[in-house]
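Structure file final07.txt (compact mmCIF, C-alpha atoms) follows.
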```txt
# COMPACT_ATOMS: atom_id res chain seq x y z
CA MET A 356 0.00 0.00 0.00
CA ILE A 357 2.71 2.49 1.02
CA ILE A 358 4.83 1.23 -1.85
CA TRP A 359 2.13 2.20 -4.37
CA MET A 360 1.82 5.60 -2.79
CA ILE A 361 5.60 6.07 -3.15
CA ILE A 362 5.48 5.01 -6.80
CA GLY A 363 2.57 7.38 -7.44
CA MET A 364 4.42 10.25 -5.76
CA ALA A 365 7.56 9.42 -7.76
CA LEU A 366 5.64 9.51 -11.06
CA VAL A 367 3.80 12.78 -10.46
CA THR A 368 7.09 14.35 -9.37
CA ALA A 369 9.27 12.92 -12.16
CA ILE A 370 6.98 13.61 -15.13
CA PRO A 371 6.86 17.41 -14.71
CA ARG A 372 10.62 17.39 -14.10
CA VAL A 373 11.59 15.54 -17.29
CA LEU A 374 8.90 16.84 -19.67
CA PRO A 375 10.66 20.16 -20.48
CA ALA A 376 13.75 18.28 -21.71
CA PHE A 377 11.61 16.75 -24.46
CA ILE A 378 9.79 20.00 -25.28
CA VAL A 379 12.91 22.19 -25.49
CA ASP A 380 14.48 19.72 -27.92
CA ILE A 381 11.58 20.09 -30.36
CA VAL A 382 10.47 23.71 -29.98
CA SER A 383 12.75 26.71 -30.34
CA PHE A 384 11.69 29.78 -28.42
CA PRO A 385 11.74 33.45 -29.43
CA LYS A 386 14.15 35.78 -27.63
CA TRP A 387 11.64 37.08 -25.10
CA VAL A 388 10.89 33.56 -23.85
CA ASP A 389 14.62 33.07 -23.32
CA ARG A 390 14.69 36.22 -21.20
CA TRP A 391 11.68 34.98 -19.26
CA LEU A 392 13.29 31.60 -18.61
CA ASN A 393 16.54 33.29 -17.62
CA ALA A 394 14.66 35.31 -15.01
CA ILE A 395 13.01 32.20 -13.52
CA PRO A 396 15.90 31.38 -11.12
CA TYR A 397 15.71 34.84 -9.53
CA ALA A 398 11.93 34.74 -9.32
CA ALA A 399 12.09 31.24 -7.84
CA LEU A 400 14.61 32.38 -5.24
CA GLY A 401 12.30 35.22 -4.24
CA ALA A 402 9.24 33.00 -3.98
CA LEU A 403 11.18 30.35 -2.04
CA ILE A 404 12.54 32.86 0.49
CA PHE A 405 9.39 34.79 1.31
CA PRO A 406 7.05 34.25 3.09
CA GLY A 407 8.50 30.80 3.91
CA ILE A 408 11.30 32.24 6.02
CA LEU A 409 8.72 33.59 8.51
CA SER A 410 7.91 30.00 9.46
CA VAL A 411 11.43 29.09 10.61
CA LYS A 412 9.93 29.64 14.07
CA PRO A 413 6.20 29.79 13.35
CA GLU A 414 5.37 31.26 16.76
CA ALA A 415 8.06 33.96 16.43
CA PRO A 416 8.28 35.16 12.80
CA GLN A 417 10.72 37.94 13.74
CA ILE A 418 13.40 35.28 14.26
CA GLY A 419 13.15 34.30 10.61
CA VAL A 420 13.35 37.96 9.60
CA ILE A 421 16.44 38.62 11.72
CA ALA A 422 18.15 35.46 10.48
CA GLY A 423 17.30 36.47 6.90
CA LEU A 424 18.76 39.94 7.38
CA THR A 425 21.88 38.37 8.90
CA ALA A 426 22.21 36.25 5.77
CA VAL A 427 21.72 39.30 3.52
CA LEU A 428 24.42 41.20 5.39
CA LEU A 429 26.92 38.32 5.32
CA ALA A 430 26.27 37.69 1.63
CA TRP A 431 26.60 41.41 0.88
CA LEU A 432 30.06 41.29 2.49
CA ASP A 433 30.98 38.61 -0.10
CA LEU A 434 31.40 35.86 2.47
CA HIS A 435 31.37 32.32 1.13
CA ILE A 436 27.88 30.85 0.96
CA ILE A 437 28.71 28.19 3.57
CA LEU A 438 29.55 30.99 6.02
CA VAL A 439 26.31 32.78 5.14
CA VAL A 440 24.39 29.61 5.99
CA LEU A 441 26.34 28.99 9.20
CA GLY A 442 25.88 32.64 10.26
CA ALA A 443 22.11 32.42 9.84
CA ILE A 444 21.98 29.14 11.77
CA ALA A 445 24.03 30.73 14.56
CA SER A 446 21.72 33.74 14.71
CA VAL A 447 18.64 31.53 15.14
CA PHE A 448 20.48 29.44 17.72
CA LEU A 449 21.42 32.53 19.73
CA LEU A 450 17.97 34.13 19.43
CA THR A 451 16.28 31.02 20.81
CA LEU A 452 18.63 30.63 23.78
CA MET B 57 50.70 10.02 -29.23
CA GLN B 58 48.64 13.08 -29.84
CA SER B 59 45.31 11.38 -29.35
CA GLN B 60 46.55 9.97 -26.06
CA ALA B 61 47.46 13.43 -24.85
CA VAL B 62 43.99 14.68 -25.77
CA LYS B 63 42.39 11.79 -23.92
CA GLN B 64 44.51 12.53 -20.86
CA SER B 65 43.43 16.14 -20.69
CA GLY B 66 39.85 14.96 -21.28
CA THR B 67 39.93 12.78 -18.18
CA ALA B 68 41.56 15.55 -16.19
CA GLY B 69 38.90 17.95 -17.47
CA ARG B 70 36.13 15.61 -16.37
CA ILE B 71 37.63 15.09 -12.91
CA HIS B 72 38.11 18.83 -12.57
CA MET B 73 34.45 19.50 -13.42
CA ILE B 74 33.23 16.71 -11.11
CA ARG B 75 35.24 18.17 -8.25
CA ARG B 76 33.94 21.66 -8.89
CA GLY B 77 30.39 20.34 -9.10
CA MET B 78 30.74 18.67 -5.72
CA ILE B 79 32.09 21.88 -4.18
CA ALA B 80 29.22 23.84 -5.71
CA GLY B 81 26.79 21.29 -4.24
CA SER B 82 28.25 21.34 -0.75
CA PRO B 83 26.03 24.15 0.62
CA ILE B 84 23.03 22.05 -0.41
CA MET B 85 24.51 19.11 1.48
CA LEU B 86 24.80 21.27 4.58
CA GLY B 87 21.19 22.35 4.20
CA TYR B 88 19.82 18.91 3.36
CA LEU B 89 21.44 16.78 6.05
CA PRO B 90 19.55 18.12 9.09
CA ILE B 91 16.27 18.20 7.17
CA ALA B 92 16.77 14.67 5.83
CA LEU B 93 17.56 13.42 9.35
CA THR B 94 14.37 15.06 10.63
CA TYR B 95 12.39 13.54 7.77
CA GLY B 96 13.77 10.08 8.60
CA VAL B 97 12.81 10.45 12.26
CA LEU B 98 9.28 11.68 11.52
CA ALA B 99 8.70 9.08 8.83
CA SER B 100 9.67 6.20 11.08
CA GLN B 101 7.47 7.65 13.84
CA SER B 102 4.55 7.75 11.42
CA GLY B 103 4.92 4.01 10.89
CA MET B 104 7.02 3.75 7.74
CA SER B 105 9.79 1.15 7.73
CA ASN B 106 13.39 2.24 7.11
CA SER B 107 13.34 0.74 3.64
CA GLU B 108 10.09 2.52 2.77
CA LEU B 109 11.23 5.92 3.95
CA THR B 110 14.60 5.54 2.21
CA LEU B 111 12.88 4.35 -0.97
CA MET B 112 10.70 7.45 -0.89
CA SER B 113 13.79 9.65 -0.76
CA LEU B 114 15.41 7.63 -3.56
CA LEU B 115 12.41 7.79 -5.89
CA VAL B 116 10.73 11.09 -5.04
CA PHE B 117 13.65 13.32 -3.93
CA ALA B 118 11.48 16.27 -2.94
CA GLY B 119 11.77 17.40 0.66
CA ALA B 120 8.61 19.42 1.14
CA ALA B 121 6.41 16.80 -0.52
CA GLN B 122 7.92 14.02 1.57
CA PHE B 123 7.26 15.93 4.79
CA LEU B 124 3.72 16.55 3.61
CA ALA B 125 3.24 12.85 2.81
CA VAL B 126 4.52 11.80 6.22
CA GLY B 127 2.24 14.29 7.94
CA MET B 128 -0.76 13.14 5.92
CA LEU B 129 0.07 9.47 6.53
CA ALA B 130 0.23 10.13 10.27
CA ALA B 131 -3.15 11.87 10.03
CA GLY B 132 -4.61 8.86 8.22
CA THR B 133 -5.09 10.50 4.82
CA GLY B 134 -5.55 8.20 1.83
CA ALA B 135 -2.73 7.48 -0.63
CA PHE B 136 -4.57 9.05 -3.56
CA GLU B 137 -4.91 12.43 -1.83
CA ILE B 138 -1.23 12.29 -0.91
CA VAL B 139 -0.24 11.69 -4.55
CA ILE B 140 -2.41 14.62 -5.71
CA ALA B 141 -0.95 16.90 -3.04
CA THR B 142 2.54 15.85 -4.13
CA PHE B 143 1.75 16.74 -7.73
CA VAL B 144 0.52 20.20 -6.75
CA LEU B 145 3.47 20.89 -4.48
CA ASN B 146 6.07 19.69 -6.99
CA PHE B 147 4.60 21.22 -10.11
CA ARG B 148 6.94 24.20 -9.67
CA HIS B 149 9.78 21.93 -10.81
CA PHE B 150 8.14 21.90 -14.25
CA VAL B 151 8.75 25.63 -14.55
CA MET B 152 12.25 25.33 -13.12
CA SER B 153 13.12 22.45 -15.44
CA PHE B 154 12.15 24.57 -18.45
CA SER B 155 14.54 27.28 -17.39
CA PHE B 156 17.22 24.67 -16.63
CA VAL B 157 17.15 22.73 -19.91
CA ASN B 158 16.85 25.92 -21.94
CA ARG B 159 20.27 26.96 -20.69
CA LEU B 160 21.86 23.56 -21.28
CA LYS B 161 21.48 23.54 -25.05
CA LYS B 162 25.10 22.47 -25.41
CA ILE B 163 24.57 19.37 -23.28
CA ALA B 164 23.33 16.18 -24.94
CA PHE B 165 19.73 15.09 -24.41
CA ARG B 166 20.73 11.77 -22.87
CA ALA B 167 22.75 13.63 -20.24
CA LYS B 168 20.08 16.27 -19.61
CA LEU B 169 17.27 13.79 -19.04
CA PRO B 170 18.65 12.15 -15.86
CA MET B 171 19.70 15.57 -14.56
CA THR B 172 16.16 16.92 -14.76
CA LEU B 173 15.06 13.99 -12.57
CA GLY B 174 17.30 15.42 -9.86
CA LEU B 175 15.92 18.96 -10.01
CA THR B 176 14.79 20.35 -6.68
CA ASP B 177 14.42 23.95 -5.54
CA GLU B 178 17.98 23.79 -4.30
CA THR B 179 19.74 21.94 -7.13
CA PHE B 180 17.92 24.15 -9.64
CA THR B 181 18.73 27.49 -8.04
CA VAL B 182 22.35 26.62 -7.31
CA SER B 183 23.04 25.24 -10.78
CA SER B 184 21.27 28.19 -12.43
CA LEU B 185 23.81 30.56 -10.96
CA TYR B 186 26.68 28.67 -12.59
CA ARG B 187 26.04 29.98 -16.08
CA ARG B 188 29.50 29.62 -17.55
CA GLU B 189 29.69 25.90 -16.80
CA ALA B 190 26.69 25.28 -19.08
CA LYS B 191 28.85 26.30 -22.03
CA GLN B 192 32.14 24.77 -20.96
CA ASP B 193 33.46 21.38 -21.97
CA TYR B 194 32.27 18.61 -19.66
CA GLY B 195 29.60 20.91 -18.23
CA ALA B 196 27.38 17.86 -17.88
CA TYR B 197 29.88 16.42 -15.36
CA PHE B 198 29.71 19.61 -13.32
CA PHE B 199 25.91 19.65 -13.06
CA SER B 200 25.65 15.89 -12.53
CA ALA B 201 28.16 16.04 -9.68
CA LEU B 202 26.31 18.97 -8.11
CA ILE B 203 22.97 17.16 -8.27
CA LEU B 204 24.39 13.83 -7.10
CA THR B 205 26.02 15.51 -4.09
CA ALA B 206 22.61 16.80 -3.06
CA TYR B 207 20.89 13.50 -3.86
CA VAL B 208 23.33 11.36 -1.88
CA SER B 209 23.08 13.61 1.17
CA TRP B 210 19.29 13.61 0.99
CA VAL B 211 18.94 9.84 0.64
CA GLY B 212 21.74 9.08 3.10
CA GLY B 213 20.42 11.56 5.65
CA SER B 214 16.91 10.08 5.42
CA TYR B 215 18.23 6.58 6.02
CA LEU B 216 20.35 7.72 8.97
CA GLY B 217 17.37 9.56 10.47
CA GLY B 218 15.28 6.40 10.24
CA VAL B 219 17.98 4.17 11.73
CA LEU B 220 19.47 6.42 14.40
CA GLY B 221 16.34 8.32 15.41
CA ASP B 222 16.61 11.65 17.16
CA ILE B 223 20.35 12.13 17.51
CA MET B 224 20.58 15.85 16.97
CA PRO B 225 19.84 18.13 19.90
CA GLN B 226 16.41 19.63 19.20
CA ARG B 227 17.56 23.25 19.49
CA LEU B 228 20.31 22.66 16.97
CA SER B 229 18.08 20.92 14.44
CA GLU B 230 15.49 23.69 14.84
CA SER B 231 18.12 26.34 14.22
CA MET B 232 19.27 24.46 11.15
CA GLY B 233 15.81 24.83 9.66
CA VAL B 234 16.91 28.26 8.46
CA ALA B 235 19.80 26.78 6.46
CA LEU B 236 18.08 26.49 3.09
CA TYR B 237 16.51 29.94 3.32
CA ALA B 238 19.93 31.36 4.12
CA MET B 239 21.34 29.49 1.15
CA PHE B 240 18.69 30.98 -1.15
CA ILE B 241 19.57 34.44 0.18
CA GLY B 242 23.27 33.72 -0.24
CA LEU B 243 22.58 32.81 -3.88
CA LEU B 244 20.40 35.82 -4.61
CA VAL B 245 22.42 38.63 -3.02
CA PRO B 246 25.55 38.39 -5.22
CA SER B 247 23.39 38.56 -8.37
CA VAL B 248 21.51 41.57 -6.98
CA LYS B 249 24.81 43.25 -6.17
CA LYS B 250 25.87 42.85 -9.78
CA HIS B 251 22.57 44.03 -11.30
CA TYR B 252 20.15 45.78 -8.98
CA ARG B 253 17.26 45.15 -11.36
CA ILE B 254 17.40 41.46 -10.44
CA ALA B 255 16.00 42.50 -7.06
CA VAL B 256 12.87 43.70 -8.85
CA VAL B 257 12.26 40.22 -10.28
CA ALA B 258 12.82 38.54 -6.90
CA VAL B 259 10.76 40.99 -4.85
CA LEU B 260 7.86 40.84 -7.33
CA ALA B 261 7.90 37.05 -7.04
CA MET B 262 7.89 37.34 -3.22
CA ILE B 263 4.91 39.71 -3.22
CA ILE B 264 2.93 37.66 -5.74
CA ASN B 265 3.63 34.45 -3.85
CA TYR B 266 2.57 36.06 -0.58
CA LEU B 267 -0.63 37.53 -2.04
CA ALA B 268 -1.53 34.24 -3.74
CA GLN B 269 -1.23 32.43 -0.42
CA GLN B 270 -3.29 35.16 1.27
CA ILE B 271 -6.19 34.73 -1.16
CA GLY B 272 -6.21 31.00 -0.55
CA PHE B 273 -3.92 29.30 -3.06
CA SER B 274 -2.02 26.34 -1.63
CA GLN B 275 1.69 26.89 -1.05
CA GLY B 276 2.54 24.79 -4.11
CA TRP B 277 0.43 26.81 -6.58
CA ALA B 278 1.40 30.11 -4.95
CA ILE B 279 5.09 29.41 -5.57
CA VAL B 280 4.35 28.44 -9.18
CA ILE B 281 2.33 31.64 -9.73
CA GLY B 282 4.95 33.80 -8.02
CA THR B 283 7.79 32.25 -10.02
CA VAL B 284 6.07 32.43 -13.41
CA ALA B 285 4.62 35.92 -12.96
CA GLY B 286 7.69 37.32 -11.22
CA GLY B 287 9.85 35.83 -13.96
CA CYS B 288 7.65 37.58 -16.55
CA SER B 289 8.99 40.91 -15.39
CA GLY B 290 12.38 39.69 -16.57
CA ILE B 291 11.19 39.93 -20.17
CA TRP B 292 11.47 43.72 -19.80
CA ILE B 293 13.92 43.99 -16.95
CA LEU B 294 16.69 41.68 -18.15
CA SER B 295 18.30 43.16 -21.22
CA GLU B 296 20.24 41.43 -23.95
CA GLU B 297 23.34 41.28 -21.81
CA GLU B 298 21.55 38.59 -19.77
CA GLU B 299 24.30 36.20 -20.84
CA ASP B 300 26.65 37.44 -18.16
CA LEU B 301 24.07 37.87 -15.41
```
I need this file expressed as structure tokens, please.
Amino acid sequence: MIIWMIIGMALVTAIPRVLPAFIVDIVSFPKWVDRWLNAIPYAALGALIFPGILSVKPEAPQIGVIAGLTAVLLAWLDLHIILVVLGAIASVFLLTL
Amino acid sequence: MQSQAVKQSGTAGRIHMIRRGMIAGSPIMLGYLPIALTYGVLASQSGMSNSELTLMSLLVFAGAAQFLAVGMLAAGTGAFEIVIATFVLNFRHFVMSFSFVNRLKKIAFRAKLPMTLGLTDETFTVSSLYRREAKQDYGAYFFSALILTAYVSWVGGSYLGGVLGDIMPQRLSESMGVALYAMFIGLLVPSVKKHYRIAVVAVLAMIINYLAQQIGFSQGWAIVIGTVAGGCSGIWILSEEEEDL
């Protein structure tokens, strides 16, 4: 029973992931679609960051905000991304002491 | 003689790209491990066996959907509803995959296909910011190594969570929940620093995603709407020099 659920989940996840590889091979897009697709990573980053980050500590959304601002500051200072991540983790850890 | 020399540098080139791909994937590993461990613990608590919960990570490889499935299983929801919910939540990878394969025109179809199977929010966003590698020789090795690094840590972490149970101190694992958000920020900020207009695309996507959730769209659809509509602004905002963005 669980195994069928896993297979079902795998199929509905895999099909949308692989389908574009087939489509892009057949269709060639005009320039503006290229620009749109090139903007997708930045739009996705935005949508993945907010409002999700508020739920890092659902009962205290300000902790997510402060940790996010810490990450922005560290990234702005050109620190390596691993240090950005560790800095944000440390800020949440300290705020929840 | 000459062909041997070329072959040599080819192997070295591949190893070089694999190593760089693994380094590029290491922040994802850091973000995935605590979440995968937590998933393993929750899944085994909800009654899944270690082989079932590891198999789910192997075959589905989508963190949010797996958490959702475990939560719904624990609440006694039927398998069909769980599969539908997974589809809705993971449909955003369809949009991301389009953007991904469109940039990998130089890479052969047979190499692209397995890579798209490994697309998650994290592997997509990280690999999207390595634009030059898509045009370099052995680029496929770079992206495959990046994705496999994430995949191995996700599957391995899930298994360990199921076997070892709660080994991480709760406060630490809670604090580590911010890791992936911080990684997304750490990916976005350098691009914004280079071209401020990229912030417009990202902030529009944030606002649209937020509003869509406010008016009742599920998180999955809201992220799809925010990404597609926010990305639309790029048609006007990103100019022809997008190549070096």
- Item | Contacts of region 141-153 of chain B within 10 Å, all atoms listed in the file, excl. fewer than 5 positions in-chain, as a count of residues only | 52
- Do you know which residues are at most 10 Å from region 207-211 of chain B counting all atoms listed in the file, after dropping those on the same chain fewer than 4 positions away, and could you put them as a count of residues only? 34
- Could you check which of B:Lys168, B:Lys162, B:Lys191, B:Arg70 is closest to chain A, using all atoms listed in the file?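 Result for the nearest residue to chain A: B:Lys168.
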- Message: Given all atoms listed in the file as the basis, pick out the residue of B:Ser155, B:Gln226, B:Gln192, B:Gln269 nearest to chain A.
- Response: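 Checking each candidate against chain A, we get B:Ser155 as the closest.
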- Nearest to chain A, chosen from B:Arg188, B:His251, B:His72, B:Lys161, with all atoms listed in the file counted in the distances: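 Of the candidates, the smallest distance to chain A is held by B:Lys161.
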- Shell around Ile291 (chain B) at 9 Å using only C-alpha atoms, local window under 3 positions removed, as a count of residues only: 12
- Nearest to chain B by atom-to-atom distance, counting only C-alpha atoms, from A:Leu432, A:Ile361, A:Ala415, A:Ile421: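 Selected residue with least distance to chain B: A:Ile361.
We find CA of Glu178 (chain B) and CA of Arg227 (chain B) to be spaced 23.8 Å apart.
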- Query: Do you know which residues lie at most 8 Å from (24.5, 22.6, -15.6), with coordinates as in the file and only C-alpha atoms counted, and could you write them as an MDAnalysis selection string?
  - Reply: chainID B and resid 156 159:160 183:184 186:187 189:190 195:196 198:200
- Shortest interatomic distance to chain A - which of B:Ile293, B:Ile264, B:Ala130, B:Val139, counting all atoms listed in the file: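 Comparing B:Ile293, B:Ile264, B:Ala130, B:Val139 against chain A, the winner is B:Val139.
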- Query: From the set A:Leu449, A:Ile444, A:Ile381, A:Leu434, which residue has the shortest atom-to-atom contact distance to chain B, counting all atoms listed in the file?
  - Reply: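 Ranked by minimum distance to chain B, first place goes to A:Ile444.
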- Item | Selection near Phe405 (chain A), 9 Å with only C-alpha atoms, sequence-local residues under 4 positions removed, as number ranges by chain | A: 400-401, 409; B: 237, 259, 261-263, 265-266
- Task: Tell me, as a PyMOL selection string, which residues lie within 9 Å of Ser446 (chain A), counting only C-alpha atoms; anything in the same chain fewer than 6 positions away does not count.
- Result: (chain A and resi 418+421-422+425) or (chain B and resi 231)
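Across the structure, CA of Gly233 (chain B) and CA of Pro246 (chain B) are spaced 22.4 Å apart.
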